[in-house]
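Note: the block below is upload_37.pdb and it holds PDB, C-alpha atoms.
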ATOM      1  CA  MET A 904      62.997 121.156  99.011
ATOM      2  CA  LYS A 905      61.074 120.160  95.911
ATOM      3  CA  SER A 906      57.452 119.346  95.313
ATOM      4  CA  LYS A 907      56.926 115.627  94.754
ATOM      5  CA  ASP A 908      55.628 116.527  91.296
ATOM      6  CA  SER A 909      58.308 119.129  90.523
ATOM      7  CA  ASN A 910      59.303 117.420  87.278
ATOM      8  CA  TYR A 911      55.824 117.812  85.870
ATOM      9  CA  ASP A 912      55.835 119.584  82.502
ATOM     10  CA  LEU A 913      59.632 119.680  82.280
ATOM     11  CA  ASN A 914      59.536 118.149  78.822
ATOM     12  CA  LYS A 915      56.481 120.006  77.529
ATOM     13  CA  ARG A 916      56.661 122.686  74.874
ATOM     14  CA  LEU A 917      54.060 125.033  73.460
ATOM     15  CA  LYS A 918      54.062 126.345  69.936
ATOM     16  CA  CYS A 919      53.040 130.007  69.976
ATOM     17  CA  ASP A 920      53.182 131.597  66.534
ATOM     18  CA  ASP A 921      56.791 131.020  65.426
ATOM     19  CA  LYS A 922      58.030 130.459  68.985
ATOM     20  CA  LEU A 923      58.577 127.130  70.716
ATOM     21  CA  ILE A 924      58.128 127.761  74.436
ATOM     22  CA  ASN A 925      59.590 125.441  77.056
ATOM     23  CA  VAL A 926      57.102 125.015  79.895
ATOM     24  CA  ASN A 927      59.757 124.086  82.446
ATOM     25  CA  LYS A 928      58.811 126.681  85.044
ATOM     26  CA  SER A 929      55.727 128.697  85.847
ATOM     27  CA  MET A 930      55.117 131.476  83.347
ATOM     28  CA  ILE A 931      53.505 134.662  84.633
ATOM     29  CA  MET A 932      50.501 135.885  82.648
ATOM     30  CA  GLY A 933      49.491 139.479  83.326
ATOM     31  CA  VAL A 934      45.857 140.540  83.029
ATOM     32  CA  LEU A 935      45.298 143.537  80.741
ATOM     33  CA  ASN A 936      41.611 144.457  80.807
ATOM     34  CA  LEU A 937      40.125 146.989  78.392
ATOM     35  CA  THR A 938      36.952 147.026  80.446
ATOM     36  CA  PRO A 939      35.297 149.547  82.754
ATOM     37  CA  ASP A 940      33.523 146.892  84.827
ATOM     38  CA  SER A 941      35.960 144.107  85.747
ATOM     39  CA  PHE A 942      35.488 142.826  89.290
ATOM     40  CA  PHE A 943      38.882 144.192  90.402
ATOM     41  CA  GLU A 944      38.900 147.951  89.961
ATOM     42  CA  GLY A 945      42.687 148.110  89.821
ATOM     43  CA  SER A 946      42.735 146.108  86.573
ATOM     44  CA  ARG A 947      40.416 148.388  84.614
ATOM     45  CA  ASN A 948      41.851 150.367  81.698
ATOM     46  CA  ARG A 949      39.597 152.783  79.846
ATOM     47  CA  SER A 950      41.923 153.711  76.981
ATOM     48  CA  VAL A 951      44.644 152.216  74.797
ATOM     49  CA  GLU A 952      47.084 154.679  76.352
ATOM     50  CA  ASP A 953      46.295 153.502  79.882
ATOM     51  CA  ALA A 954      46.510 149.866  78.807
ATOM     52  CA  PHE A 955      49.855 150.412  77.119
ATOM     53  CA  LEU A 956      51.333 152.025  80.227
ATOM     54  CA  ARG A 957      50.090 149.118  82.334
ATOM     55  CA  ALA A 958      51.572 146.631  79.847
ATOM     56  CA  GLU A 959      54.905 148.455  79.959
ATOM     57  CA  SER A 960      54.913 148.169  83.738
ATOM     58  CA  MET A 961      54.161 144.437  83.566
ATOM     59  CA  ILE A 962      56.962 143.896  81.059
ATOM     60  CA  GLU A 963      59.410 145.776  83.276
ATOM     61  CA  SER A 964      58.343 143.503  86.142
ATOM     62  CA  GLY A 965      59.107 140.343  84.149
ATOM     63  CA  VAL A 966      55.778 139.182  82.717
ATOM     64  CA  ASN A 967      55.883 136.325  80.186
ATOM     65  CA  ILE A 968      52.402 136.601  78.669
ATOM     66  CA  ILE A 969      49.986 139.525  78.466
ATOM     67  CA  ASP A 970      46.337 138.468  78.437
ATOM     68  CA  VAL A 971      44.229 141.105  76.651
ATOM     69  CA  GLY A 972      40.494 141.100  77.327
ATOM     70  CA  GLY A 973      37.661 143.379  76.333
ATOM     71  CA  VAL A 974      34.634 141.755  77.992
ATOM     72  CA  SER A 975      34.123 141.288  81.719
ATOM     73  CA  THR A 976      33.136 137.733  82.612
ATOM     74  CA  ARG A 977      32.506 138.388  86.301
ATOM     75  CA  PRO A 978      29.216 136.903  87.558
ATOM     76  CA  GLY A 979      26.316 139.088  86.413
ATOM     77  CA  ALA A 980      28.320 141.063  83.847
ATOM     78  CA  ASP A 981      26.515 142.342  80.760
ATOM     79  CA  LEU A 982      27.452 140.883  77.397
ATOM     80  CA  LEU A 983      29.285 143.261  75.070
ATOM     81  CA  SER A 984      28.759 143.325  71.304
ATOM     82  CA  THR A 985      31.360 141.704  69.069
ATOM     83  CA  GLU A 986      32.075 145.044  67.416
ATOM     84  CA  GLU A 987      32.725 146.802  70.702
ATOM     85  CA  GLU A 988      34.914 143.948  71.939
ATOM     86  CA  LEU A 989      37.053 144.221  68.817
ATOM     87  CA  ASN A 990      37.218 148.006  69.116
ATOM     88  CA  ARG A 991      38.575 147.645  72.621
ATOM     89  CA  ILE A 992      41.233 144.992  72.119
ATOM     90  CA  ILE A 993      42.615 145.117  68.582
ATOM     91  CA  PRO A 994      44.383 148.508  68.892
ATOM     92  CA  ILE A 995      46.307 147.455  71.993
ATOM     93  CA  ILE A 996      47.200 144.023  70.567
ATOM     94  CA  LYS A 997      48.627 145.682  67.446
ATOM     95  CA  LEU A 998      50.513 148.250  69.507
ATOM     96  CA  LEU A 999      52.011 145.668  71.859
ATOM     97  CA  LYS A1000      53.027 143.404  68.989
ATOM     98  CA  ASN A1001      54.729 146.313  67.281
ATOM     99  CA  LYS A1002      56.547 147.594  70.375
ATOM    100  CA  PHE A1003      57.268 144.339  72.250
ATOM    101  CA  SER A1004      57.456 141.548  69.697
ATOM    102  CA  GLU A1005      59.157 139.174  72.142
ATOM    103  CA  ILE A1006      56.211 139.178  74.581
ATOM    104  CA  LEU A1007      53.542 136.534  74.115
ATOM    105  CA  ILE A1008      50.011 137.901  73.794
ATOM    106  CA  SER A1009      46.878 135.951  74.595
ATOM    107  CA  VAL A1010      43.390 137.131  73.736
ATOM    108  CA  ASP A1011      40.770 136.579  76.415
ATOM    109  CA  THR A1012      37.638 135.946  74.357
ATOM    110  CA  PHE A1013      34.898 133.362  73.910
ATOM    111  CA  ARG A1014      33.995 134.445  70.356
ATOM    112  CA  SER A1015      35.641 132.738  67.377
ATOM    113  CA  GLU A1016      35.320 135.858  65.208
ATOM    114  CA  VAL A1017      37.139 137.971  67.791
ATOM    115  CA  ALA A1018      39.754 135.251  68.279
ATOM    116  CA  ARG A1019      40.452 135.058  64.544
ATOM    117  CA  ILE A1020      40.921 138.787  64.133
ATOM    118  CA  ALA A1021      43.051 138.995  67.274
ATOM    119  CA  VAL A1022      45.373 136.240  66.028
ATOM    120  CA  GLU A1023      45.577 137.901  62.620
ATOM    121  CA  ASN A1024      46.730 141.059  64.403
ATOM    122  CA  GLY A1025      49.358 139.445  66.583
ATOM    123  CA  ALA A1026      47.826 137.364  69.391
ATOM    124  CA  ASP A1027      49.706 134.108  70.045
ATOM    125  CA  ILE A1028      47.222 132.308  72.312
ATOM    126  CA  ILE A1029      43.423 132.098  72.566
ATOM    127  CA  ASN A1030      42.130 132.115  76.155
ATOM    128  CA  ASP A1031      38.517 130.923  76.109
ATOM    129  CA  VAL A1032      36.815 131.163  79.496
ATOM    130  CA  TYR A1033      33.786 129.230  78.270
ATOM    131  CA  GLY A1034      35.773 126.359  76.798
ATOM    132  CA  GLY A1035      33.997 126.368  73.439
ATOM    133  CA  GLU A1036      30.530 126.335  74.990
ATOM    134  CA  TYR A1037      29.569 129.853  73.911
ATOM    135  CA  ASP A1038      30.713 129.539  70.287
ATOM    136  CA  ASP A1039      30.559 126.142  68.598
ATOM    137  CA  LYS A1040      32.968 127.372  65.900
ATOM    138  CA  MET A1041      35.810 127.947  68.348
ATOM    139  CA  PHE A1042      37.385 124.477  68.278
ATOM    140  CA  ASP A1043      37.422 124.410  64.473
ATOM    141  CA  LEU A1044      38.991 127.856  64.414
ATOM    142  CA  VAL A1045      41.734 126.826  66.845
ATOM    143  CA  ALA A1046      42.515 123.819  64.650
ATOM    144  CA  GLU A1047      42.507 125.957  61.510
ATOM    145  CA  LEU A1048      44.821 128.605  62.957
ATOM    146  CA  ASP A1049      47.080 126.035  64.664
ATOM    147  CA  VAL A1050      47.272 128.285  67.713
ATOM    148  CA  ALA A1051      47.780 127.539  71.395
ATOM    149  CA  TYR A1052      44.438 127.335  73.209
ATOM    150  CA  ILE A1053      43.546 127.778  76.864
ATOM    151  CA  LEU A1054      40.549 125.569  77.629
ATOM    152  CA  MET A1055      38.826 126.671  80.802
ATOM    153  CA  HIS A1056      36.182 124.751  82.688
ATOM    154  CA  ALA A1057      32.917 126.621  83.090
ATOM    155  CA  ARG A1058      29.202 126.079  83.114
ATOM    156  CA  GLY A1059      26.715 128.613  81.812
ATOM    157  CA  ASP A1060      27.745 132.216  81.282
ATOM    158  CA  ALA A1061      28.213 135.374  83.334
ATOM    159  CA  GLN A1062      24.471 135.594  83.955
ATOM    160  CA  THR A1063      23.873 131.958  84.923
ATOM    161  CA  MET A1064      27.111 130.427  86.215
ATOM    162  CA  GLN A1065      26.435 130.967  89.904
ATOM    163  CA  SER A1066      23.259 128.890  89.647
ATOM    164  CA  LEU A1067      25.164 125.928  88.165
ATOM    165  CA  CYS A1068      27.347 124.880  91.107
ATOM    166  CA  GLN A1069      25.746 121.467  91.587
ATOM    167  CA  TYR A1070      28.394 118.708  91.672
ATOM    168  CA  ASP A1071      28.483 115.261  93.227
ATOM    169  CA  ASP A1072      32.282 115.475  93.133
ATOM    170  CA  VAL A1073      33.644 118.770  91.837
ATOM    171  CA  VAL A1074      37.145 117.430  91.155
ATOM    172  CA  LYS A1075      36.056 114.354  89.217
ATOM    173  CA  GLU A1076      33.462 116.277  87.225
ATOM    174  CA  VAL A1077      35.796 119.133  86.296
ATOM    175  CA  VAL A1078      38.481 116.684  85.176
ATOM    176  CA  PHE A1079      35.954 114.611  83.230
ATOM    177  CA  GLU A1080      34.309 117.582  81.506
ATOM    178  CA  LEU A1081      37.693 119.012  80.522
ATOM    179  CA  SER A1082      38.866 115.584  79.314
ATOM    180  CA  GLN A1083      35.941 115.339  76.909
ATOM    181  CA  LYS A1084      36.843 118.671  75.351
ATOM    182  CA  VAL A1085      40.551 117.884  75.235
ATOM    183  CA  GLU A1086      39.692 114.748  73.296
ATOM    184  CA  LYS A1087      37.524 116.713  70.832
ATOM    185  CA  LEU A1088      40.332 119.198  70.280
ATOM    186  CA  ARG A1089      42.893 116.461  69.752
ATOM    187  CA  GLN A1090      40.629 114.731  67.258
ATOM    188  CA  LYS A1091      40.621 117.992  65.313
ATOM    189  CA  GLY A1092      44.421 118.040  65.364
ATOM    190  CA  VAL A1093      44.922 120.664  68.079
ATOM    191  CA  LYS A1094      48.196 119.958  69.870
ATOM    192  CA  ASP A1095      48.869 122.961  72.093
ATOM    193  CA  ILE A1096      46.149 122.824  74.761
ATOM    194  CA  ILE A1097      46.421 124.414  78.202
ATOM    195  CA  VAL A1098      43.738 123.482  80.730
ATOM    196  CA  ASP A1099      42.317 125.843  83.349
ATOM    197  CA  PRO A1100      40.072 124.499  86.157
ATOM    198  CA  GLY A1101      38.066 127.740  86.111
ATOM    199  CA  PHE A1102      38.108 128.925  89.705
ATOM    200  CA  GLY A1103      35.024 131.008  90.429
ATOM    201  CA  PHE A1104      33.151 129.899  87.336
ATOM    202  CA  ALA A1105      30.175 127.797  88.461
ATOM    203  CA  LYS A1106      31.945 126.894  91.717
ATOM    204  CA  ASN A1107      31.068 128.056  95.199
ATOM    205  CA  LEU A1108      33.586 128.920  97.890
ATOM    206  CA  GLU A1109      33.987 125.396  99.267
ATOM    207  CA  GLN A1110      34.186 123.883  95.777
ATOM    208  CA  ASN A1111      36.917 126.329  94.758
ATOM    209  CA  TYR A1112      39.153 125.262  97.643
ATOM    210  CA  THR A1113      38.421 121.572  97.134
ATOM    211  CA  LEU A1114      39.393 122.011  93.500
ATOM    212  CA  PHE A1115      42.529 123.996  94.328
ATOM    213  CA  LYS A1116      43.646 121.316  96.772
ATOM    214  CA  ASN A1117      43.236 118.676  94.049
ATOM    215  CA  VAL A1118      44.354 120.519  90.909
ATOM    216  CA  ALA A1119      47.081 117.906  90.432
ATOM    217  CA  TYR A1120      44.432 115.498  89.101
ATOM    218  CA  LEU A1121      44.336 117.645  85.950
ATOM    219  CA  LYS A1122      47.788 116.261  85.137
ATOM    220  CA  LEU A1123      45.916 113.150  83.962
ATOM    221  CA  LEU A1124      44.976 115.169  80.873
ATOM    222  CA  ASP A1125      48.656 115.519  79.898
ATOM    223  CA  CYS A1126      48.291 119.250  79.236
ATOM    224  CA  PRO A1127      49.996 122.247  80.833
ATOM    225  CA  ILE A1128      47.836 123.745  83.584
ATOM    226  CA  LEU A1129      46.878 127.388  84.080
ATOM    227  CA  ILE A1130      45.962 128.688  87.528
ATOM    228  CA  GLY A1131      43.849 131.843  87.635
ATOM    229  CA  ILE A1132      42.889 132.772  91.196
ATOM    230  CA  SER A1133      44.107 136.373  91.297
ATOM    231  CA  ARG A1134      41.968 138.527  93.617
ATOM    232  CA  LYS A1135      38.936 136.278  93.083
ATOM    233  CA  SER A1136      36.002 135.968  95.463
ATOM    234  CA  MET A1137      37.344 132.657  96.799
ATOM    235  CA  ILE A1138      39.971 134.823  98.502
ATOM    236  CA  TYR A1139      38.159 137.954  99.556
ATOM    237  CA  LYS A1140      34.941 136.240 100.630
ATOM    238  CA  LEU A1141      36.860 133.747 102.745
ATOM    239  CA  LEU A1142      38.807 136.561 104.432
ATOM    240  CA  ASP A1143      35.826 138.945 104.567
ATOM    241  CA  ILE A1144      37.675 141.710 102.735
ATOM    242  CA  LYS A1145      37.386 143.549  99.416
ATOM    243  CA  ALA A1146      39.074 142.514  96.165
ATOM    244  CA  ASP A1147      41.295 145.591  96.484
ATOM    245  CA  ASN A1148      42.721 144.142  99.717
ATOM    246  CA  SER A1149      43.234 140.577  98.510
ATOM    247  CA  LEU A1150      46.812 140.745  97.224
ATOM    248  CA  ASN A1151      48.234 138.890 100.224
ATOM    249  CA  GLY A1152      45.787 135.993  99.850
ATOM    250  CA  THR A1153      46.403 135.948  96.109
ATOM    251  CA  THR A1154      50.151 135.710  96.641
ATOM    252  CA  VAL A1155      49.708 132.767  99.017
ATOM    253  CA  LEU A1156      47.773 130.756  96.422
ATOM    254  CA  ASN A1157      50.041 131.855  93.565
ATOM    255  CA  THR A1158      53.098 130.750  95.562
ATOM    256  CA  LEU A1159      51.569 127.334  96.211
ATOM    257  CA  SER A1160      50.816 127.024  92.489
ATOM    258  CA  ILE A1161      54.348 128.008  91.472
ATOM    259  CA  PHE A1162      55.731 125.510  93.971
ATOM    260  CA  GLU A1163      53.721 122.804  92.179
ATOM    261  CA  ASN A1164      55.232 123.946  88.869
ATOM    262  CA  TYR A1165      51.933 124.679  87.137
ATOM    263  CA  ALA A1166      52.622 126.089  83.710
ATOM    264  CA  ILE A1167      50.903 129.489  83.760
ATOM    265  CA  ILE A1168      49.891 131.699  86.677
ATOM    266  CA  ARG A1169      47.385 134.364  85.593
ATOM    267  CA  VAL A1170      47.683 137.471  87.767
ATOM    268  CA  HIS A1171      46.758 141.112  88.157
ATOM    269  CA  ASP A1172      49.906 141.838  90.178
ATOM    270  CA  VAL A1173      52.888 140.808  88.068
ATOM    271  CA  GLU A1174      55.741 142.081  90.214
ATOM    272  CA  GLU A1175      54.606 140.154  93.285
ATOM    273  CA  ALA A1176      54.087 136.941  91.301
ATOM    274  CA  VAL A1177      57.522 137.211  89.681
ATOM    275  CA  GLN A1178      59.082 137.705  93.112
ATOM    276  CA  ALA A1179      57.244 134.651  94.450
ATOM    277  CA  ARG A1180      58.580 132.605  91.526
ATOM    278  CA  GLN A1181      62.110 133.858  92.179
ATOM    279  CA  ILE A1182      61.925 132.721  95.800
ATOM    280  CA  ILE A1183      60.587 129.280  94.855
ATOM    281  CA  GLU A1184      63.372 128.910  92.303
ATOM    282  CA  ALA A1185      65.931 129.729  94.997
ATOM    283  CA  ILE A1186      64.404 127.117  97.315
ATOM    284  CA  ASN A1187      64.474 124.488  94.561
ATOM    285  CA  ALA A1188      67.964 125.318  93.262
TER
END
Is it possible to give me this structure as structure tokens?
Amino acid sequence: MKSKDSNYDLNKRLKCDDKLINVNKSMIMGVLNLTPDSFFEGSRNRSVEDAFLRAESMIESGVNIIDVGGVSTRPGADLLSTEEELNRIIPIIKLLKNKFSEILISVDTFRSEVARIAVENGADIINDVYGGEYDDKMFDLVAELDVAYILMHARGDAQTMQSLCQYDDVVKEVVFELSQKVEKLRQKGVKDIIVDPGFGFAKNLEQNYTLFKNVAYLKLLDCPILIGISRKSMIYKLLDIKADNSLNGTTVLNTLSIFENYAIIRVHDVEEAVQARQIIEAINA
């Protein structure tokens, strides 16, 4: 029982530092937040020690990528200074690289200065939730560093995004806006681009589900696709529950995404996502 598009990405590879990664099955990316105010309380880590213990647990559960972030980008979140962002994330990136060199590390940042320093200290991937909109130096930096780049669709920032949900056709406009940026990156020589439709970023509840249903259109961009829906409001608002109770809904959407063979599934709950992938692999064997 295979998805009609199950061969998608079978021949794609990503260059991450000195590693050549085959994107022939969904990779699990675990969220490691060094923030006191992320929307999901269970993902908050207030110290390097806490973050390291959480990373160890994710590695034991089978995570492929650890996504380290120091700034909350939930709607309405306050903007942190560059200095404080660096103070939060660089120690844990260095520690993880030293202790677990085989694990890929992505840095969740929209600042080129933070991205540069993170890569210099061991990060393999830049995960930019604002897709170069916040910092006009980001695309040039990605080209200079020759690093894998996650390009997410968004409009506005944490303070304004929820007022920018006006689309005539959310699927066509997300694909088009991402395609323009993919082309700019390719013109600069960037080869390793992952696209993320940006669930929850300048999309309302109905738009999120319309987009999820039609994510396959992003394959037109010929880039691996990242799905990040873990415990987001599109789940808990639909079910009228809290983010803390949204693991079941998250697992449903993650399982559907793994079944479609999307390249990266970004999650707070690694063990459950790895188990979902194992079951899908058994079905498709």
Quiz item: So, counting all atoms listed in the file, which residue among A:Leu1088, A:Val1017, A:Ala1185, A:Val971 is closest to Ser984 of chain A?
Solution: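 That would be A:Val1017, the residue with the smallest distance to Ser984 of chain A.
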message = For a test of reading the model, state the distance in Å between atom CA of Asp1027 of chain A and atom CA of Ala1166 of chain A, rounded to one decimal.
response =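 According to the coordinates, atom CA of Asp1027 of chain A and atom CA of Ala1166 of chain A are separated by 16.1 Å.
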Write out as a PDB file with C-alpha atoms, keeping the file's coordinate frame the residues lying within 7 Å of Val1074 of chain A, counting all atoms listed in the file and excluding same-chain residues fewer than 4 positions away.
ATOM      1  CA  VAL A1078      38.481 116.684  85.176  1.00  0.00           C
ATOM      2  CA  LEU A1114      39.393 122.011  93.500  1.00  0.00           C
ATOM      3  CA  ASN A1117      43.236 118.676  94.049  1.00  0.00           C
TER       4      ASN A1117
END
Between A:Thr1154, A:Thr976, A:Gln1090, A:Gln1069, smallest distance to Tyr1033 of chain A by only C-alpha atoms belongs to A:Thr976
Pairwise distance for atom CA of Ile993 of chain A and atom CA of Ile1096 of chain A, rounded to one decimal in Å: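 Separation between atom CA of Ile993 of chain A and atom CA of Ile1096 of chain A: 23.4 Å.
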Practice problem: Let me know the residues the PyMOL selection byres ((chain A and resi 1136) around 12) catches in the file above, as a PyMOL selection string. | Solution: chain A and resi 942-943+977-978+1102-1104+1106-1109+1111-1112+1131-1135+1137-1150+1152-1153
**Test item: the PyMOL selection byres ((chain A and resi 1060) around 8) resolved as an MDAnalysis selection string** = chainID A and resid 976 978 1033 1037 1057:1059 1061:1064
Using the chain letters and numbers from this file, what does the PyMOL selection byres ((chain A and resi 995) around 9) select? Give the answer as a VMD selection string. chain A and resid 937 951 to 952 954 to 955 971 991 to 994 996 to 1000
Using only C-alpha atoms for the distances, tell me which of A:Val1155, A:Cys1068, A:Leu1054, A:Met961 is nearest to Leu1124 of chain A.
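Closest candidate: A:Leu1054.
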Please fill the gaps in segment 1059-1083 of chain A so it has N, CA and C atoms, and write that as an mmCIF file, in the coordinates of the input.
data_model
loop_
_atom_site.group_PDB
_atom_site.id
_atom_site.type_symbol
_atom_site.label_atom_id
_atom_site.label_comp_id
_atom_site.auth_asym_id
_atom_site.auth_seq_id
_atom_site.Cartn_x
_atom_site.Cartn_y
_atom_site.Cartn_z
ATOM 1 N N GLY A 1059 27.526 127.422 81.998
ATOM 2 C CA GLY A 1059 26.715 128.613 81.812
ATOM 3 C C GLY A 1059 27.543 129.793 81.356
ATOM 4 N N ASP A 1060 27.046 130.995 81.663
ATOM 5 C CA ASP A 1060 27.745 132.216 81.282
ATOM 6 C C ASP A 1060 27.731 133.164 82.474
ATOM 7 N N ALA A 1061 28.123 134.414 82.235
ATOM 8 C CA ALA A 1061 28.213 135.374 83.334
ATOM 9 C C ALA A 1061 26.883 135.552 84.068
ATOM 10 N N GLN A 1062 25.791 135.389 83.353
ATOM 11 C CA GLN A 1062 24.471 135.594 83.955
ATOM 12 C C GLN A 1062 23.978 134.374 84.735
ATOM 13 N N THR A 1063 24.454 133.181 84.363
ATOM 14 C CA THR A 1063 23.873 131.958 84.923
ATOM 15 C C THR A 1063 24.838 131.101 85.732
ATOM 16 N N MET A 1064 26.124 131.361 85.658
ATOM 17 C CA MET A 1064 27.111 130.427 86.215
ATOM 18 C C MET A 1064 26.924 130.151 87.707
ATOM 19 N N GLN A 1065 26.524 131.162 88.465
ATOM 20 C CA GLN A 1065 26.435 130.967 89.904
ATOM 21 C C GLN A 1065 25.245 130.096 90.314
ATOM 22 N N SER A 1066 24.371 129.798 89.363
ATOM 23 C CA SER A 1066 23.259 128.890 89.647
ATOM 24 C C SER A 1066 23.574 127.460 89.204
ATOM 25 N N LEU A 1067 24.802 127.224 88.739
ATOM 26 C CA LEU A 1067 25.164 125.928 88.165
ATOM 27 C C LEU A 1067 26.309 125.276 88.929
ATOM 28 N N CYS A 1068 26.269 125.399 90.251
ATOM 29 C CA CYS A 1068 27.347 124.880 91.107
ATOM 30 C C CYS A 1068 27.021 123.506 91.688
ATOM 31 N N GLN A 1069 26.151 122.761 91.044
ATOM 32 C CA GLN A 1069 25.746 121.467 91.587
ATOM 33 C C GLN A 1069 26.701 120.371 91.090
ATOM 34 N N TYR A 1070 27.468 119.792 92.000
ATOM 35 C CA TYR A 1070 28.394 118.708 91.672
ATOM 36 C C TYR A 1070 28.249 117.609 92.718
ATOM 37 N N ASP A 1071 28.336 116.358 92.275
ATOM 38 C CA ASP A 1071 28.483 115.261 93.227
ATOM 39 C C ASP A 1071 29.922 115.195 93.713
ATOM 40 N N ASP A 1072 30.853 115.444 92.805
ATOM 41 C CA ASP A 1072 32.282 115.475 93.133
ATOM 42 C C ASP A 1072 32.921 116.486 92.189
ATOM 43 N N VAL A 1073 33.205 117.683 92.704
ATOM 44 C CA VAL A 1073 33.644 118.770 91.837
ATOM 45 C C VAL A 1073 34.947 118.442 91.118
ATOM 46 N N VAL A 1074 35.857 117.738 91.779
ATOM 47 C CA VAL A 1074 37.145 117.430 91.155
ATOM 48 C C VAL A 1074 36.958 116.451 90.002
ATOM 49 N N LYS A 1075 36.257 115.359 90.264
ATOM 50 C CA LYS A 1075 36.056 114.354 89.217
ATOM 51 C C LYS A 1075 35.292 114.933 88.037
ATOM 52 N N GLU A 1076 34.287 115.747 88.316
ATOM 53 C CA GLU A 1076 33.462 116.277 87.225
ATOM 54 C C GLU A 1076 34.195 117.322 86.403
ATOM 55 N N VAL A 1077 35.007 118.155 87.054
ATOM 56 C CA VAL A 1077 35.796 119.133 86.296
ATOM 57 C C VAL A 1077 36.816 118.416 85.410
ATOM 58 N N VAL A 1078 37.500 117.434 85.972
ATOM 59 C CA VAL A 1078 38.481 116.684 85.176
ATOM 60 C C VAL A 1078 37.795 115.976 84.016
ATOM 61 N N PHE A 1079 36.649 115.346 84.283
ATOM 62 C CA PHE A 1079 35.954 114.611 83.230
ATOM 63 C C PHE A 1079 35.459 115.550 82.126
ATOM 64 N N GLU A 1080 34.842 116.660 82.512
ATOM 65 C CA GLU A 1080 34.309 117.582 81.506
ATOM 66 C C GLU A 1080 35.425 118.202 80.667
ATOM 67 N N LEU A 1081 36.552 118.513 81.291
ATOM 68 C CA LEU A 1081 37.693 119.012 80.522
ATOM 69 C C LEU A 1081 38.256 117.919 79.619
ATOM 70 N N SER A 1082 38.291 116.679 80.113
ATOM 71 C CA SER A 1082 38.866 115.584 79.314
ATOM 72 C C SER A 1082 38.076 115.354 78.031
ATOM 73 N N GLN A 1083 36.754 115.507 78.110
ATOM 74 C CA GLN A 1083 35.941 115.339 76.909
ATOM 75 C C GLN A 1083 36.284 116.374 75.853
#
